[in-house]
file target.tsv (TSV, C-alpha atoms)
chain	number	residue	atom	x	y	z
U	1	MET	CA	-55.94	-108.69	5.91
U	2	THR	CA	-52.93	-106.43	6.37
U	3	THR	CA	-51.13	-105.96	9.65
U	4	PRO	CA	-51.25	-102.38	10.97
U	5	PRO	CA	-47.90	-100.57	10.99
U	6	GLY	CA	-45.91	-101.36	14.13
U	7	ALA	CA	-48.11	-104.32	15.12
U	8	GLU	CA	-45.46	-106.92	14.26
U	9	ALA	CA	-42.81	-105.09	16.29
U	10	MET	CA	-45.23	-104.78	19.20
U	11	ARG	CA	-46.03	-108.50	19.09
U	12	SER	CA	-42.37	-109.51	18.82
U	13	GLY	CA	-41.42	-107.38	21.85
U	14	PHE	CA	-44.36	-108.48	23.99
U	15	ALA	CA	-42.71	-111.48	25.68
U	16	MET	CA	-39.60	-109.46	26.46
U	17	LEU	CA	-41.75	-106.69	27.97
U	18	VAL	CA	-43.63	-109.18	30.16
U	19	GLY	CA	-40.32	-110.64	31.38
U	20	GLN	CA	-38.86	-107.20	32.03
U	21	THR	CA	-41.97	-106.13	33.93
U	22	SER	CA	-41.80	-109.24	36.10
U	23	ARG	CA	-38.12	-108.70	36.89
U	24	GLN	CA	-38.63	-105.01	37.73
U	25	TRP	CA	-41.63	-105.81	39.92
U	26	ARG	CA	-39.63	-108.38	41.88
U	27	ARG	CA	-36.70	-105.95	42.18
U	28	ALA	CA	-39.01	-103.28	43.59
U	29	VAL	CA	-40.27	-105.73	46.21
U	30	ASP	CA	-36.68	-106.84	46.90
U	31	ARG	CA	-35.55	-103.26	47.61
U	32	GLN	CA	-38.40	-102.78	50.09
U	33	LEU	CA	-37.64	-106.10	51.84
U	34	GLN	CA	-33.88	-105.56	52.25
U	35	PRO	CA	-34.33	-104.12	55.77
U	36	PHE	CA	-35.88	-107.47	56.76
U	37	GLY	CA	-32.92	-109.41	55.36
U	38	LEU	CA	-35.02	-110.98	52.62
U	39	SER	CA	-34.41	-111.37	48.91
U	40	GLU	CA	-36.51	-112.87	46.16
U	41	ALA	CA	-34.80	-116.21	46.83
U	42	THR	CA	-36.25	-116.21	50.35
U	43	TRP	CA	-39.52	-114.24	50.19
U	44	ARG	CA	-40.98	-116.12	47.20
U	45	PRO	CA	-40.78	-119.53	48.92
U	46	LEU	CA	-42.28	-118.03	52.08
U	47	LEU	CA	-45.22	-116.66	50.10
U	48	HIS	CA	-45.77	-120.00	48.35
U	49	LEU	CA	-45.75	-121.80	51.68
U	50	ALA	CA	-48.14	-119.29	53.25
U	51	ARG	CA	-50.59	-119.40	50.34
U	52	ALA	CA	-50.60	-123.18	49.89
U	53	PRO	CA	-53.81	-124.86	51.06
U	54	ALA	CA	-51.78	-127.62	52.77
U	55	PRO	CA	-48.13	-128.03	53.81
U	56	LEU	CA	-45.83	-128.53	50.83
U	57	ARG	CA	-42.94	-130.92	50.42
U	58	GLN	CA	-39.59	-129.81	48.98
U	59	LYS	CA	-40.35	-131.34	45.59
U	60	GLU	CA	-43.71	-129.56	45.35
U	61	LEU	CA	-42.16	-126.24	46.36
U	62	ALA	CA	-39.37	-126.67	43.79
U	63	GLN	CA	-41.97	-127.26	41.08
U	64	ALA	CA	-44.07	-124.27	42.18
U	65	LEU	CA	-41.01	-122.01	42.07
U	66	SER	CA	-39.60	-123.56	38.87
U	67	LEU	CA	-36.32	-124.26	40.64
U	68	ASP	CA	-34.11	-127.31	40.84
U	69	HIS	CA	-34.24	-129.43	43.98
U	70	SER	CA	-30.74	-128.49	45.22
U	71	SER	CA	-31.52	-124.73	45.06
U	72	VAL	CA	-34.66	-125.25	47.10
U	73	VAL	CA	-32.80	-127.34	49.68
U	74	ARG	CA	-30.23	-124.55	50.20
U	75	THR	CA	-32.99	-121.93	50.46
U	76	LEU	CA	-34.96	-124.03	52.94
U	77	ASP	CA	-31.82	-124.60	54.99
U	78	ALA	CA	-31.37	-120.81	55.21
U	79	LEU	CA	-35.05	-120.25	56.08
U	80	GLN	CA	-34.89	-122.93	58.74
U	81	ALA	CA	-31.70	-121.43	60.21
U	82	ALA	CA	-33.50	-118.05	60.34
U	83	GLY	CA	-36.35	-119.68	62.24
U	84	PHE	CA	-38.99	-119.07	59.53
U	85	ILE	CA	-39.78	-122.70	58.68
U	86	GLU	CA	-39.58	-126.17	60.11
U	87	ARG	CA	-39.52	-129.53	58.35
U	88	ARG	CA	-41.66	-132.32	59.75
U	89	GLU	CA	-41.80	-135.97	58.85
U	90	GLU	CA	-45.20	-137.03	57.64
U	91	ASP	CA	-46.74	-140.42	56.99
U	92	ALA	CA	-44.67	-143.52	56.48
U	93	ASP	CA	-42.14	-141.94	54.13
U	94	ARG	CA	-39.51	-140.49	56.47
U	95	ARG	CA	-37.65	-138.88	53.55
U	96	ALA	CA	-40.61	-136.69	52.54
U	97	LYS	CA	-40.89	-133.81	54.96
U	98	ALA	CA	-43.66	-131.25	55.09
U	99	ILE	CA	-42.49	-127.65	55.23
U	100	LEU	CA	-44.34	-125.51	57.74
U	101	LEU	CA	-44.07	-121.83	58.60
U	102	THR	CA	-43.15	-121.07	62.18
U	103	GLU	CA	-44.67	-118.20	64.12
U	104	ALA	CA	-41.71	-116.05	63.05
U	105	GLY	CA	-42.27	-117.21	59.47
U	106	ARG	CA	-45.93	-116.18	59.56
U	107	ALA	CA	-44.93	-112.79	60.98
U	108	ILE	CA	-42.37	-112.19	58.22
U	109	VAL	CA	-44.91	-113.26	55.59
U	110	GLU	CA	-47.20	-110.50	56.91
U	111	GLN	CA	-44.37	-108.02	56.26
U	112	VAL	CA	-43.79	-109.46	52.79
U	113	GLU	CA	-47.51	-109.18	52.02
U	114	ALA	CA	-47.62	-105.58	53.24
U	115	VAL	CA	-44.60	-104.60	51.13
U	116	SER	CA	-45.98	-106.47	48.13
U	117	HIS	CA	-49.31	-104.62	48.46
U	118	SER	CA	-47.50	-101.31	48.77
U	119	VAL	CA	-45.51	-101.93	45.57
U	120	TRP	CA	-48.67	-103.17	43.87
U	121	ASN	CA	-50.63	-100.04	44.85
U	122	GLU	CA	-47.84	-97.68	43.75
U	123	THR	CA	-47.28	-99.51	40.47
U	124	LEU	CA	-50.93	-99.73	39.45
U	125	ALA	CA	-51.93	-96.28	40.74
U	126	GLY	CA	-52.06	-94.65	37.28
U	127	LEU	CA	-54.06	-97.43	35.63
U	128	SER	CA	-57.83	-97.64	35.32
U	129	ASP	CA	-59.77	-100.67	36.54
U	130	GLN	CA	-60.54	-101.44	32.88
U	131	ASP	CA	-56.82	-101.40	31.99
U	132	ILE	CA	-56.06	-103.77	34.85
U	133	ARG	CA	-58.95	-106.11	33.90
U	134	THR	CA	-57.74	-106.19	30.29
U	135	ALA	CA	-54.11	-106.84	31.28
U	136	HIS	CA	-55.21	-109.55	33.71
U	137	ARG	CA	-57.39	-111.24	31.10
U	138	VAL	CA	-54.59	-111.18	28.50
U	139	LEU	CA	-51.87	-112.42	30.85
U	140	ASP	CA	-54.15	-115.13	32.26
U	141	ARG	CA	-54.88	-116.35	28.74
U	142	ILE	CA	-51.16	-116.41	27.89
U	143	CYS	CA	-50.37	-118.35	31.09
U	144	ARG	CA	-53.09	-120.90	30.39
U	145	THR	CA	-51.90	-121.35	26.80
U	146	LEU	CA	-48.30	-121.85	27.93
U	147	ALA	CA	-49.37	-124.29	30.66
U	148	GLU	CA	-51.27	-126.36	28.10
U	149	THR	CA	-48.33	-126.49	25.68
U	150	PRO	CA	-46.64	-129.89	25.92
U	151	GLU	CA	-43.00	-129.74	26.94
U	152	ALA	CA	-40.53	-130.84	24.33
U	153	PRO	CA	-38.06	-133.48	25.52
U	154	LEU	CA	-34.61	-132.14	26.34
U	155	PRO	CA	-31.86	-133.06	23.86
call {"tool": "encode", "arguments": {"input": "target.tsv", "output": "structure tokens"}}
result
Amino acid sequence: MTTPPGAEAMRSGFAMLVGQTSRQWRRAVDRQLQPFGLSEATWRPLLHLARAPAPLRQKELAQALSLDHSSVVRTLDALQAAGFIERREEDADRRAKAILLTEAGRAIVEQVEAVSHSVWNETLAGLSDQDIRTAHRVLDRICRTLAETPEAPLP
């Protein structure tokens, strides 16, 4: 079977297009959240904390955000100083602290959600429901495949 003209170029540029789309989407949300003093470094952790079914620990949040532990600690320090989160000791392990949103944190998450929905609505406005279903199905499949791929050991 022969590959249609342009198919190879389209396939080879697909990953770059997905990455570029993700970066532009986050930038659009960032621009809208600047008046609230938030950037991707601060609004993404807040969303993860708000959407988690139970309080997260720093290590769990770092994994969810694909960030190193020290970056998350600095971000959490800034969020705590802003009054958006608090850290509470849980169980017998005094080193492991649960991260909880404060009332101010929940209020700012509502703003983040509203801005995110606004960007989402504007961005997807010209697409049909079928286009969105197809894109969702394809991206979900790619994410599942990547998640199932065993990680190679670092050199």
call {"tool": "residues_around", "arguments": {"input": "target.tsv", "residues": "region 38-45 of chain U", "least_positions_apart": "4", "cutoff": "9 Å", "atoms": "all atoms listed in the file", "output": "MDAnalysis selection string"}}
result
chainID U and resid 26:27 29:31 33:34 49:50 61:62 64:65 72 75:76 78:79 108:109 112
call {"tool": "atom_distance", "arguments": {"input": "target.tsv", "atom1": "CA of Leu47 (chain U)", "atom2": "CA of Arg106 (chain U)"}}
result
9.5 Å
call {"tool": "atom_distance", "arguments": {"input": "target.tsv", "atom1": "CA of Val18 (chain U)", "atom2": "CA of Ala114 (chain U)"}}
result
23.7 Å
call {"tool": "atom_distance", "arguments": {"input": "target.tsv", "atom1": "CA of Gly105 (chain U)", "atom2": "CA of Glu60 (chain U)"}}
result
18.8 Å
call {"tool": "closest_residue", "arguments": {"input": "target.tsv", "among": "U:Leu101, U:Arg144, U:Asp68, U:Gly19", "to": "Ala54 (chain U)", "atoms": "only C-alpha atoms"}}
result
U:Leu101
call {"tool": "closest_residue", "arguments": {"input": "target.tsv", "among": "U:Ala7, U:Ala28, U:Pro55, U:His48", "to": "Glu122 (chain U)", "atoms": "all atoms listed in the file"}}
result
U:Ala28
call {"tool": "closest_residue", "arguments": {"input": "target.tsv", "among": "U:Gln24, U:Ile99, U:Cys143, U:Glu90", "to": "Val73 (chain U)", "atoms": "all atoms listed in the file"}}
result
U:Ile99
call {"tool": "closest_residue", "arguments": {"input": "target.tsv", "among": "U:Arg141, U:Arg23, U:His117, U:Lys97", "to": "Ile85 (chain U)", "atoms": "only C-alpha atoms"}}
result
U:Lys97
call {"tool": "closest_residue", "arguments": {"input": "target.tsv", "among": "U:Pro4, U:Leu56, U:Leu146, U:Thr123", "to": "Thr21 (chain U)", "atoms": "all atoms listed in the file"}}
result
U:Thr123
